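File shown: upload32.pdb. Contents: PDB, C-alpha atoms.
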```pdb
ATOM      1  CA  MET Y   1      23.068 -24.947 -17.200  1.00  0.00           C
ATOM      2  CA  ASP Y   2      25.624 -24.949 -14.462  1.00  0.00           C
ATOM      3  CA  THR Y   3      24.400 -25.510 -10.874  1.00  0.00           C
ATOM      4  CA  LYS Y   4      26.098 -22.300  -9.794  1.00  0.00           C
ATOM      5  CA  ASP Y   5      24.004 -20.358 -12.310  1.00  0.00           C
ATOM      6  CA  ILE Y   6      20.826 -21.634 -10.628  1.00  0.00           C
ATOM      7  CA  LEU Y   7      22.059 -20.875  -7.121  1.00  0.00           C
ATOM      8  CA  TRP Y   8      23.119 -17.366  -8.016  1.00  0.00           C
ATOM      9  CA  ASN Y   9      20.289 -16.559 -10.378  1.00  0.00           C
ATOM     10  CA  PRO Y  10      19.058 -12.975  -9.625  1.00  0.00           C
ATOM     11  CA  PHE Y  11      15.465 -14.217  -9.876  1.00  0.00           C
ATOM     12  CA  HIS Y  12      15.995 -16.525  -6.935  1.00  0.00           C
ATOM     13  CA  ILE Y  13      17.692 -13.774  -4.947  1.00  0.00           C
ATOM     14  CA  LYS Y  14      14.746 -11.444  -5.646  1.00  0.00           C
ATOM     15  CA  CYS Y  15      12.277 -14.110  -4.488  1.00  0.00           C
ATOM     16  CA  ASP Y  16      14.239 -14.571  -1.261  1.00  0.00           C
ATOM     17  CA  ILE Y  17      14.146 -10.826  -0.640  1.00  0.00           C
ATOM     18  CA  CYS Y  18      10.390 -10.727  -1.303  1.00  0.00           C
ATOM     19  CA  MET Y  19       9.781 -13.613   1.088  1.00  0.00           C
ATOM     20  CA  GLU Y  20      11.890 -11.908   3.735  1.00  0.00           C
ATOM     21  CA  LYS Y  21       9.937  -8.671   3.320  1.00  0.00           C
ATOM     22  CA  ARG Y  22       6.628 -10.529   3.591  1.00  0.00           C
ATOM     23  CA  PHE Y  23       7.828 -12.299   6.721  1.00  0.00           C
ATOM     24  CA  ARG Y  24       8.922  -8.994   8.279  1.00  0.00           C
ATOM     25  CA  ARG Y  25       5.613  -7.371   7.344  1.00  0.00           C
ATOM     26  CA  PHE Y  26       3.661 -10.277   8.854  1.00  0.00           C
ATOM     27  CA  HIS Y  27       5.792 -10.165  12.018  1.00  0.00           C
ATOM     28  CA  CYS Y  28       5.263  -6.416  12.374  1.00  0.00           C
ATOM     29  CA  MET Y  29       1.498  -6.806  11.942  1.00  0.00           C
ATOM     30  CA  LYS Y  30       1.502  -9.582  14.553  1.00  0.00           C
ATOM     31  CA  LEU Y  31       3.384  -7.411  17.047  1.00  0.00           C
ATOM     32  CA  LEU Y  32       1.094  -4.468  16.351  1.00  0.00           C
ATOM     33  CA  ALA Y  33      -2.004  -6.611  16.948  1.00  0.00           C
ATOM     34  CA  GLU Y  34      -0.572  -7.907  20.229  1.00  0.00           C
ATOM     35  CA  GLN Y  35       0.258  -4.388  21.436  1.00  0.00           C
ATOM     36  CA  LEU Y  36      -3.213  -3.208  20.447  1.00  0.00           C
ATOM     37  CA  ARG Y  37      -4.864  -5.992  22.451  1.00  0.00           C
ATOM     38  CA  ASN Y  38      -2.664  -5.145  25.437  1.00  0.00           C
ATOM     39  CA  ARG Y  39      -3.499  -1.444  25.383  1.00  0.00           C
ATOM     40  CA  LEU Y  40      -7.188  -2.115  24.781  1.00  0.00           C
ATOM     41  CA  PHE Y  41      -7.331  -4.365  27.847  1.00  0.00           C
ATOM     42  CA  TRP Y  42      -5.875  -1.709  30.144  1.00  0.00           C
ATOM     43  CA  VAL Y  43      -7.973   1.074  28.600  1.00  0.00           C
ATOM     44  CA  LEU Y  44     -11.144  -0.929  29.246  1.00  0.00           C
ATOM     45  CA  ASP Y  45      -9.988  -1.656  32.795  1.00  0.00           C
ATOM     46  CA  ALA Y  46      -9.360   2.064  33.371  1.00  0.00           C
ATOM     47  CA  LEU Y  47     -12.841   2.891  32.092  1.00  0.00           C
ATOM     48  CA  LYS Y  48     -14.249   0.410  34.632  1.00  0.00           C
ATOM     49  CA  GLY Y  49     -12.368   2.043  37.502  1.00  0.00           C
ATOM     50  CA  GLY Y  50      -8.929   0.465  37.124  1.00  0.00           C
ATOM     51  CA  GLN Y  51      -9.720  -2.399  39.505  1.00  0.00           C
ATOM     52  CA  VAL Y  52      -7.457  -4.982  37.874  1.00  0.00           C
ATOM     53  CA  LYS Y  53      -4.621  -2.444  37.727  1.00  0.00           C
ATOM     54  CA  ALA Y  54      -5.081  -1.654  41.423  1.00  0.00           C
ATOM     55  CA  HIS Y  55      -4.906  -5.349  42.326  1.00  0.00           C
ATOM     56  CA  TYR Y  56      -1.892  -5.808  40.048  1.00  0.00           C
ATOM     57  CA  THR Y  57      -0.049  -2.933  41.728  1.00  0.00           C
ATOM     58  CA  ASP Y  58      -0.893  -4.303  45.175  1.00  0.00           C
ATOM     59  CA  ILE Y  59       0.404  -7.779  44.256  1.00  0.00           C
ATOM     60  CA  ALA Y  60       3.603  -6.338  42.790  1.00  0.00           C
ATOM     61  CA  ASP Y  61       4.204  -4.158  45.873  1.00  0.00           C
ATOM     62  CA  ILE Y  62       3.764  -7.140  48.191  1.00  0.00           C
ATOM     63  CA  LEU Y  63       5.922  -9.626  46.294  1.00  0.00           C
ATOM     64  CA  GLU Y  64       8.658  -7.342  45.022  1.00  0.00           C
ATOM     65  CA  ASN Y  65       9.275  -5.837  48.468  1.00  0.00           C
ATOM     66  CA  PHE Y  66       8.591  -9.012  50.406  1.00  0.00           C
ATOM     67  CA  GLU Y  67      10.756  -8.294  53.441  1.00  0.00           C
ATOM     68  CA  SER Y  68       9.745  -4.643  53.801  1.00  0.00           C
ATOM     69  CA  PRO Y  69       7.621  -3.596  56.811  1.00  0.00           C
ATOM     70  CA  LYS Y  70       4.893  -2.376  54.424  1.00  0.00           C
ATOM     71  CA  SER Y  71       4.682  -5.750  52.682  1.00  0.00           C
ATOM     72  CA  LYS Y  72       4.610  -7.663  55.981  1.00  0.00           C
ATOM     73  CA  GLU Y  73       1.880  -5.414  57.372  1.00  0.00           C
ATOM     74  CA  ARG Y  74      -0.174  -5.770  54.200  1.00  0.00           C
ATOM     75  CA  ARG Y  75       0.103  -9.570  54.200  1.00  0.00           C
ATOM     76  CA  HIS Y  76      -0.792  -9.742  57.890  1.00  0.00           C
ATOM     77  CA  ALA Y  77      -3.819  -7.506  57.354  1.00  0.00           C
ATOM     78  CA  LEU Y  78      -5.068  -9.548  54.383  1.00  0.00           C
ATOM     79  CA  LEU Y  79      -4.663 -12.849  56.245  1.00  0.00           C
ATOM     80  CA  LYS Y  80      -6.388 -11.488  59.348  1.00  0.00           C
ATOM     81  CA  GLN Y  81      -9.247 -10.195  57.219  1.00  0.00           C
ATOM     82  CA  LEU Y  82      -9.619 -13.566  55.486  1.00  0.00           C
ATOM     83  CA  LEU Y  83      -9.612 -15.605  58.702  1.00  0.00           C
ATOM     84  CA  GLN Y  84     -12.114 -13.288  60.371  1.00  0.00           C
ATOM     85  CA  HIS Y  85     -14.382 -13.491  57.337  1.00  0.00           C
ATOM     86  CA  ALA Y  86     -14.166 -17.304  57.254  1.00  0.00           C
ATOM     87  CA  SER Y  87     -14.829 -17.823  60.968  1.00  0.00           C
ATOM     88  CA  GLY Y  88     -17.456 -15.100  61.142  1.00  0.00           C
ATOM     89  CA  THR Y  89     -19.580 -15.966  58.097  1.00  0.00           C
ATOM     90  CA  THR Y  90     -19.219 -19.706  57.360  1.00  0.00           C
ATOM     91  CA  PRO Y  91     -20.601 -22.620  59.433  1.00  0.00           C
ATOM     92  CA  PHE Y  92     -17.520 -24.765  58.825  1.00  0.00           C
ATOM     93  CA  TYR Y  93     -15.051 -22.275  60.312  1.00  0.00           C
ATOM     94  CA  ARG Y  94     -17.322 -20.792  62.973  1.00  0.00           C
ATOM     95  CA  GLN Y  95     -15.695 -22.821  65.765  1.00  0.00           C
ATOM     96  CA  TYR Y  96     -12.360 -21.133  64.988  1.00  0.00           C
ATOM     97  CA  GLY Y  97     -13.650 -17.630  65.580  1.00  0.00           C
ATOM     98  CA  HIS Y  98     -11.450 -17.187  68.656  1.00  0.00           C
ATOM     99  CA  SER Y  99      -8.233 -17.561  66.655  1.00  0.00           C
ATOM    100  CA  GLU Y 100      -6.362 -15.245  64.299  1.00  0.00           C
ATOM    101  CA  ASP Y 101      -3.505 -17.696  63.717  1.00  0.00           C
ATOM    102  CA  LEU Y 102      -3.603 -19.703  60.474  1.00  0.00           C
ATOM    103  CA  GLN Y 103      -2.010 -22.679  62.242  1.00  0.00           C
ATOM    104  CA  ASP Y 104      -5.174 -23.100  64.335  1.00  0.00           C
ATOM    105  CA  PHE Y 105      -7.261 -23.728  61.214  1.00  0.00           C
ATOM    106  CA  PRO Y 106      -7.572 -27.264  59.780  1.00  0.00           C
ATOM    107  CA  VAL Y 107      -5.947 -28.509  56.585  1.00  0.00           C
ATOM    108  CA  ILE Y 108      -8.656 -29.454  54.087  1.00  0.00           C
ATOM    109  CA  ASP Y 109      -8.763 -30.949  50.601  1.00  0.00           C
ATOM    110  CA  LYS Y 110     -11.242 -31.016  47.755  1.00  0.00           C
ATOM    111  CA  MET Y 111     -13.138 -33.965  49.196  1.00  0.00           C
ATOM    112  CA  VAL Y 112     -13.758 -32.157  52.503  1.00  0.00           C
ATOM    113  CA  LEU Y 113     -15.004 -29.084  50.671  1.00  0.00           C
ATOM    114  CA  ARG Y 114     -17.168 -31.112  48.285  1.00  0.00           C
ATOM    115  CA  ASP Y 115     -18.737 -33.149  51.108  1.00  0.00           C
ATOM    116  CA  ASN Y 116     -19.466 -30.006  53.171  1.00  0.00           C
ATOM    117  CA  PHE Y 117     -20.128 -27.581  50.353  1.00  0.00           C
ATOM    118  CA  GLN Y 118     -22.964 -25.662  52.004  1.00  0.00           C
ATOM    119  CA  ALA Y 119     -21.028 -25.303  55.258  1.00  0.00           C
ATOM    120  CA  PHE Y 120     -18.352 -23.377  53.365  1.00  0.00           C
ATOM    121  CA  GLN Y 121     -20.816 -20.837  51.954  1.00  0.00           C
ATOM    122  CA  SER Y 122     -20.437 -17.337  53.393  1.00  0.00           C
ATOM    123  CA  SER Y 123     -23.627 -15.864  54.821  1.00  0.00           C
ATOM    124  CA  GLU Y 124     -22.614 -12.516  53.316  1.00  0.00           C
ATOM    125  CA  TYR Y 125     -22.878 -13.896  49.789  1.00  0.00           C
ATOM    126  CA  VAL Y 126     -25.675 -16.465  49.934  1.00  0.00           C
ATOM    127  CA  ASN Y 127     -28.150 -14.112  48.261  1.00  0.00           C
ATOM    128  CA  ARG Y 128     -25.655 -11.997  46.328  1.00  0.00           C
ATOM    129  CA  PRO Y 129     -24.345 -12.442  42.781  1.00  0.00           C
ATOM    130  CA  LYS Y 130     -21.473 -14.894  42.556  1.00  0.00           C
ATOM    131  CA  HIS Y 131     -19.275 -16.353  39.830  1.00  0.00           C
ATOM    132  CA  GLU Y 132     -19.088 -20.124  39.612  1.00  0.00           C
ATOM    133  CA  VAL Y 133     -15.579 -21.380  38.878  1.00  0.00           C
ATOM    134  CA  SER Y 134     -14.878 -25.045  38.246  1.00  0.00           C
ATOM    135  CA  THR Y 135     -12.223 -27.412  37.012  1.00  0.00           C
ATOM    136  CA  SER Y 136     -12.894 -29.270  33.777  1.00  0.00           C
ATOM    137  CA  GLY Y 137     -12.564 -32.685  35.414  1.00  0.00           C
ATOM    138  CA  SER Y 138      -9.862 -33.820  33.004  1.00  0.00           C
ATOM    139  CA  SER Y 139      -8.074 -35.593  35.871  1.00  0.00           C
ATOM    140  CA  GLY Y 140     -11.101 -36.580  37.929  1.00  0.00           C
ATOM    141  CA  THR Y 141     -14.459 -35.273  39.166  1.00  0.00           C
ATOM    142  CA  PRO Y 142     -15.094 -31.591  38.331  1.00  0.00           C
ATOM    143  CA  PHE Y 143     -14.636 -29.301  41.326  1.00  0.00           C
ATOM    144  CA  LYS Y 144     -16.491 -26.018  41.722  1.00  0.00           C
ATOM    145  CA  ILE Y 145     -16.317 -22.999  43.998  1.00  0.00           C
ATOM    146  CA  TYR Y 146     -17.905 -19.550  44.078  1.00  0.00           C
ATOM    147  CA  GLN Y 147     -16.050 -16.258  43.794  1.00  0.00           C
ATOM    148  CA  ASN Y 148     -17.292 -12.726  44.278  1.00  0.00           C
ATOM    149  CA  THR Y 149     -16.399 -10.081  41.695  1.00  0.00           C
ATOM    150  CA  ASP Y 150     -13.457  -8.760  43.696  1.00  0.00           C
ATOM    151  CA  LYS Y 151     -11.941 -12.251  43.903  1.00  0.00           C
ATOM    152  CA  VAL Y 152     -12.361 -12.699  40.136  1.00  0.00           C
ATOM    153  CA  LEU Y 153     -10.493  -9.432  39.544  1.00  0.00           C
ATOM    154  CA  ARG Y 154      -7.790 -10.328  42.064  1.00  0.00           C
ATOM    155  CA  ASN Y 155      -7.294 -13.709  40.423  1.00  0.00           C
ATOM    156  CA  ARG Y 156      -7.058 -12.033  37.020  1.00  0.00           C
ATOM    157  CA  ALA Y 157      -4.394  -9.654  38.311  1.00  0.00           C
ATOM    158  CA  ASP Y 158      -2.516 -12.592  39.876  1.00  0.00           C
ATOM    159  CA  THR Y 159      -2.494 -14.382  36.529  1.00  0.00           C
ATOM    160  CA  ILE Y 160      -1.299 -11.302  34.652  1.00  0.00           C
ATOM    161  CA  TYR Y 161       1.511 -10.703  37.155  1.00  0.00           C
ATOM    162  CA  PHE Y 162       2.903 -14.234  37.119  1.00  0.00           C
ATOM    163  CA  GLN Y 163       2.462 -14.590  33.365  1.00  0.00           C
ATOM    164  CA  LYS Y 164       4.607 -11.502  32.935  1.00  0.00           C
ATOM    165  CA  ILE Y 165       7.347 -13.049  35.076  1.00  0.00           C
ATOM    166  CA  ALA Y 166       7.266 -16.045  32.724  1.00  0.00           C
ATOM    167  CA  GLY Y 167       7.615 -13.741  29.703  1.00  0.00           C
ATOM    168  CA  TYR Y 168       3.969 -13.590  28.628  1.00  0.00           C
ATOM    169  CA  GLU Y 169       2.114 -10.310  28.145  1.00  0.00           C
ATOM    170  CA  ILE Y 170      -1.580  -9.697  27.594  1.00  0.00           C
ATOM    171  CA  GLY Y 171      -2.205  -9.819  23.865  1.00  0.00           C
ATOM    172  CA  TYR Y 172       0.349 -12.525  23.087  1.00  0.00           C
ATOM    173  CA  ARG Y 173      -0.868 -15.687  21.398  1.00  0.00           C
ATOM    174  CA  LEU Y 174      -2.106 -18.052  24.126  1.00  0.00           C
ATOM    175  CA  TYR Y 175      -2.395 -21.790  23.547  1.00  0.00           C
ATOM    176  CA  TYR Y 176      -4.942 -22.765  26.187  1.00  0.00           C
ATOM    177  CA  ILE Y 177      -4.819 -26.489  26.976  1.00  0.00           C
ATOM    178  CA  ARG Y 178      -7.726 -27.907  28.976  1.00  0.00           C
ATOM    179  CA  LYS Y 179     -10.786 -30.115  28.629  1.00  0.00           C
ATOM    180  CA  TRP Y 180     -12.967 -27.801  26.563  1.00  0.00           C
ATOM    181  CA  LEU Y 181     -16.506 -28.797  27.459  1.00  0.00           C
ATOM    182  CA  SER Y 182     -19.228 -26.966  25.536  1.00  0.00           C
ATOM    183  CA  LYS Y 183     -20.008 -24.681  28.488  1.00  0.00           C
ATOM    184  CA  TYR Y 184     -16.398 -23.455  28.580  1.00  0.00           C
ATOM    185  CA  LYS Y 185     -15.827 -22.966  24.863  1.00  0.00           C
ATOM    186  CA  LYS Y 186     -15.460 -19.412  23.650  1.00  0.00           C
ATOM    187  CA  GLY Y 187     -16.830 -18.005  20.419  1.00  0.00           C
ATOM    188  CA  ARG Y 188     -14.684 -16.963  17.474  1.00  0.00           C
ATOM    189  CA  LEU Y 189     -14.925 -13.276  18.343  1.00  0.00           C
ATOM    190  CA  ALA Y 190     -13.866 -13.868  21.957  1.00  0.00           C
ATOM    191  CA  THR Y 191     -10.913 -16.049  20.967  1.00  0.00           C
ATOM    192  CA  ALA Y 192      -9.837 -13.561  18.301  1.00  0.00           C
ATOM    193  CA  MET Y 193     -10.062 -10.607  20.695  1.00  0.00           C
ATOM    194  CA  ARG Y 194      -8.077 -12.430  23.367  1.00  0.00           C
ATOM    195  CA  ASN Y 195      -5.762 -14.174  20.870  1.00  0.00           C
ATOM    196  CA  ILE Y 196      -6.530 -17.622  22.284  1.00  0.00           C
ATOM    197  CA  GLU Y 197      -6.088 -20.991  20.606  1.00  0.00           C
ATOM    198  CA  MET Y 198      -8.271 -23.572  22.384  1.00  0.00           C
ATOM    199  CA  ILE Y 199      -6.554 -26.967  22.566  1.00  0.00           C
ATOM    200  CA  ASN Y 200      -8.654 -29.811  23.940  1.00  0.00           C
ATOM    201  CA  VAL Y 201      -6.658 -32.138  26.190  1.00  0.00           C
ATOM    202  CA  SER Y 202      -9.155 -34.890  25.280  1.00  0.00           C
ATOM    203  CA  ASP Y 203      -7.675 -34.919  21.787  1.00  0.00           C
ATOM    204  CA  PHE Y 204      -4.252 -35.939  23.116  1.00  0.00           C
ATOM    205  CA  SER Y 205      -3.055 -39.506  22.840  1.00  0.00           C
ATOM    206  CA  ASP Y 206      -0.056 -41.544  23.929  1.00  0.00           C
ATOM    207  CA  ALA Y 207       1.119 -41.742  20.319  1.00  0.00           C
TER     208      ALA Y 207
END
```

Would you kindly transcribe this structure into structure tokens?
Amino acid sequence: MDTKDILWNPFHIKCDICMEKRFRRFHCMKLLAEQLRNRLFWVLDALKGGQVKAHYTDIADILENFESPKSKERRHALLKQLLQHASGTTPFYRQYGHSEDLQDFPVIDKMVLRDNFQAFQSSEYVNRPKHEVSTSGSSGTPFKIYQNTDKVLRNRADTIYFQKIAGYEIGYRLYYIRKWLSKYKKGRLATAMRNIEMINVSDFSDA
């Protein structure tokens, strides 16, 4: 049999068409699943009061109109609120209560915060529910802080906004690289719902 007969055999052409159709069908299903996850996220947020959406809109307004009077006023108000909260409710910053200028506050690092952890605790949240957030310690000693619910939501909106700039939308496949200790690992249902692939940095090698 001539080689040309094999290359142009209708059976092979039909198989190629079938494979292409299957690939298109799979791609369409993948896109549909991603869009469904995206819409479900925002529907659930709306049912909870639209807090993430509100933060997202605020972040977008500030950054996309950075030089506008509204953006400048908003940034000034948020910074003033933060400095007043720090100096008014934490032992570490109490001595800076007279100042509303960020330049008057000291530069700190993780070691300062770790060595004076209790002094950084806000009196407003000592006996209120908090969310513990920590690094995995893949590059050193794990580092933890506390966040209130509003900060968690703000951080989530921040992540969504900057991910979108990078071309990522909620619902897309996310390859999450970190040191996946047992306390951080997510169950199969959670990873499937959020479309996450957990990749443990501890499994990497120099090879």

Q: Run the PyMOL selection byres ((chain Y and resi 198-204) around 9) on the file and write out the hits as JSON, numbers by chain.
A: {"Y": [138, 174, 175, 176, 177, 178, 179, 180, 181, 185, 186, 191, 196, 197, 205, 206, 207]}

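Taking CA of Lys72 in chain Y as the reference point, CA of Glu124 in chain Y is found at 27.8 Å.
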
Q: Would you kindly identify which residues have an atom no farther than 12 Å from (4.7, -5.6, 53.0), using all atoms listed in the file and the file's own coordinates, and write them out as an NGL selection string?
A: :Y and (58-78)

Take the residues from that selection and write them out as a tab-separated table (two decimals), keeping the file's coordinate frame, keeping C-alpha atoms.
```
chain	number	residue	atom	x	y	z
Y	58	ASP	CA	-0.89	-4.30	45.18
Y	59	ILE	CA	0.40	-7.78	44.26
Y	60	ALA	CA	3.60	-6.34	42.79
Y	61	ASP	CA	4.20	-4.16	45.87
Y	62	ILE	CA	3.76	-7.14	48.19
Y	63	LEU	CA	5.92	-9.63	46.29
Y	64	GLU	CA	8.66	-7.34	45.02
Y	65	ASN	CA	9.28	-5.84	48.47
Y	66	PHE	CA	8.59	-9.01	50.41
Y	67	GLU	CA	10.76	-8.29	53.44
Y	68	SER	CA	9.74	-4.64	53.80
Y	69	PRO	CA	7.62	-3.60	56.81
Y	70	LYS	CA	4.89	-2.38	54.42
Y	71	SER	CA	4.68	-5.75	52.68
Y	72	LYS	CA	4.61	-7.66	55.98
Y	73	GLU	CA	1.88	-5.41	57.37
Y	74	ARG	CA	-0.17	-5.77	54.20
Y	75	ARG	CA	0.10	-9.57	54.20
Y	76	HIS	CA	-0.79	-9.74	57.89
Y	77	ALA	CA	-3.82	-7.51	57.35
Y	78	LEU	CA	-5.07	-9.55	54.38
```

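If you measure from each of Y:Asp101, Y:Asp115, Y:Asp109, Y:Glu34 to Ala192 in chain Y using all atoms listed in the file, the closest one turns out to be Y:Glu34.
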
Q: Pick out the residues sitting within 9 Å of Arg39 in chain Y, and hand them over as JSON, numbers by chain; count only C-alpha atoms, and ignore anything fewer than 5 positions along from it in its own chain.
A: {"Y": [34, 44, 170, 171]}

**Q.** Distance criterion (only C-alpha atoms): nearest to Phe92 in chain Y out of Y:Val126, Y:Lys80, Y:Phe120, Y:Lys30
**A.** Y:Phe120

Q. Any chance you could work out the residue set of the PyMOL selection byres ((chain Y and resi 158) around 12) here, as an MDAnalysis selection string?
A. chainID Y and resid 52:60 62:63 151:157 159:165

What would range 74-83 of chain Y look like with all heavy atoms in place, written as a tab-separated table (two decimals), in the frame of the given file?
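Resulting contents of result.tsv:
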```
chain	number	residue	atom	x	y	z
Y	74	ARG	N	0.90	-5.54	55.17
Y	74	ARG	CA	-0.17	-5.77	54.20
Y	74	ARG	C	-0.59	-7.24	54.19
Y	74	ARG	O	-1.77	-7.57	54.19
Y	74	ARG	CB	0.29	-5.34	52.80
Y	74	ARG	CG	-0.73	-5.56	51.68
Y	74	ARG	CD	-1.96	-4.73	51.87
Y	74	ARG	NE	-2.87	-4.86	50.74
Y	74	ARG	CZ	-4.18	-4.72	50.81
Y	74	ARG	NH1	-4.75	-4.45	51.98
Y	74	ARG	NH2	-4.92	-4.85	49.74
Y	75	ARG	N	0.40	-8.14	54.19
Y	75	ARG	CA	0.10	-9.57	54.20
Y	75	ARG	C	-0.61	-9.98	55.49
Y	75	ARG	O	-1.56	-10.79	55.47
Y	75	ARG	CB	1.39	-10.38	54.02
Y	75	ARG	CG	1.87	-10.43	52.57
Y	75	ARG	CD	3.14	-11.25	52.43
Y	75	ARG	NE	4.31	-10.49	52.80
Y	75	ARG	CZ	5.31	-10.96	53.54
Y	75	ARG	NH1	5.25	-12.17	54.05
Y	75	ARG	NH2	6.37	-10.21	53.80
Y	76	HIS	N	-0.16	-9.43	56.60
Y	76	HIS	CA	-0.79	-9.74	57.89
Y	76	HIS	C	-2.24	-9.25	57.90
Y	76	HIS	O	-3.14	-9.97	58.37
Y	76	HIS	CB	-0.01	-9.08	59.02
Y	76	HIS	CG	-0.63	-9.28	60.37
Y	76	HIS	ND1	-0.59	-10.48	61.04
Y	76	HIS	CD2	-1.34	-8.42	61.17
Y	76	HIS	CE1	-1.24	-10.37	62.19
Y	76	HIS	NE2	-1.70	-9.13	62.30
Y	77	ALA	N	-2.47	-8.07	57.37
Y	77	ALA	CA	-3.82	-7.51	57.35
Y	77	ALA	C	-4.75	-8.33	56.47
Y	77	ALA	O	-5.90	-8.59	56.82
Y	77	ALA	CB	-3.77	-6.06	56.86
Y	78	LEU	N	-4.25	-8.75	55.30
Y	78	LEU	CA	-5.07	-9.55	54.38
Y	78	LEU	C	-5.41	-10.91	54.98
Y	78	LEU	O	-6.54	-11.39	54.86
Y	78	LEU	CB	-4.33	-9.72	53.04
Y	78	LEU	CG	-4.23	-8.48	52.16
Y	78	LEU	CD1	-3.33	-8.75	50.96
Y	78	LEU	CD2	-5.60	-8.02	51.70
Y	79	LEU	N	-4.43	-11.54	55.62
Y	79	LEU	CA	-4.66	-12.85	56.24
Y	79	LEU	C	-5.65	-12.73	57.39
Y	79	LEU	O	-6.57	-13.54	57.53
Y	79	LEU	CB	-3.34	-13.44	56.74
Y	79	LEU	CG	-3.45	-14.80	57.45
Y	79	LEU	CD1	-4.07	-15.84	56.53
Y	79	LEU	CD2	-2.08	-15.26	57.94
Y	80	LYS	N	-5.47	-11.71	58.23
Y	80	LYS	CA	-6.39	-11.49	59.35
Y	80	LYS	C	-7.81	-11.26	58.85
Y	80	LYS	O	-8.77	-11.82	59.40
Y	80	LYS	CB	-5.91	-10.27	60.16
Y	80	LYS	CG	-6.78	-9.98	61.38
Y	80	LYS	CD	-6.23	-8.77	62.16
Y	80	LYS	CE	-7.11	-8.47	63.36
Y	80	LYS	NZ	-6.59	-7.29	64.12
Y	81	GLN	N	-7.93	-10.48	57.81
Y	81	GLN	CA	-9.25	-10.20	57.22
Y	81	GLN	C	-9.90	-11.47	56.69
Y	81	GLN	O	-11.10	-11.70	56.89
Y	81	GLN	CB	-9.08	-9.18	56.08
Y	81	GLN	CG	-10.37	-8.83	55.36
Y	81	GLN	CD	-10.11	-7.87	54.19
Y	81	GLN	OE1	-9.06	-7.25	54.09
Y	81	GLN	NE2	-11.07	-7.78	53.29
Y	82	LEU	N	-9.10	-12.32	56.04
Y	82	LEU	CA	-9.62	-13.57	55.49
Y	82	LEU	C	-10.07	-14.53	56.58
Y	82	LEU	O	-11.16	-15.12	56.50
Y	82	LEU	CB	-8.55	-14.23	54.62
Y	82	LEU	CG	-8.90	-15.58	54.00
Y	82	LEU	CD1	-10.08	-15.43	53.05
Y	82	LEU	CD2	-7.71	-16.18	53.28
Y	83	LEU	N	-9.27	-14.68	57.61
Y	83	LEU	CA	-9.61	-15.60	58.70
Y	83	LEU	C	-10.85	-15.13	59.46
Y	83	LEU	O	-11.71	-15.94	59.84
Y	83	LEU	CB	-8.42	-15.75	59.66
Y	83	LEU	CG	-7.15	-16.38	59.06
Y	83	LEU	CD1	-6.07	-16.49	60.13
Y	83	LEU	CD2	-7.44	-17.73	58.44
```
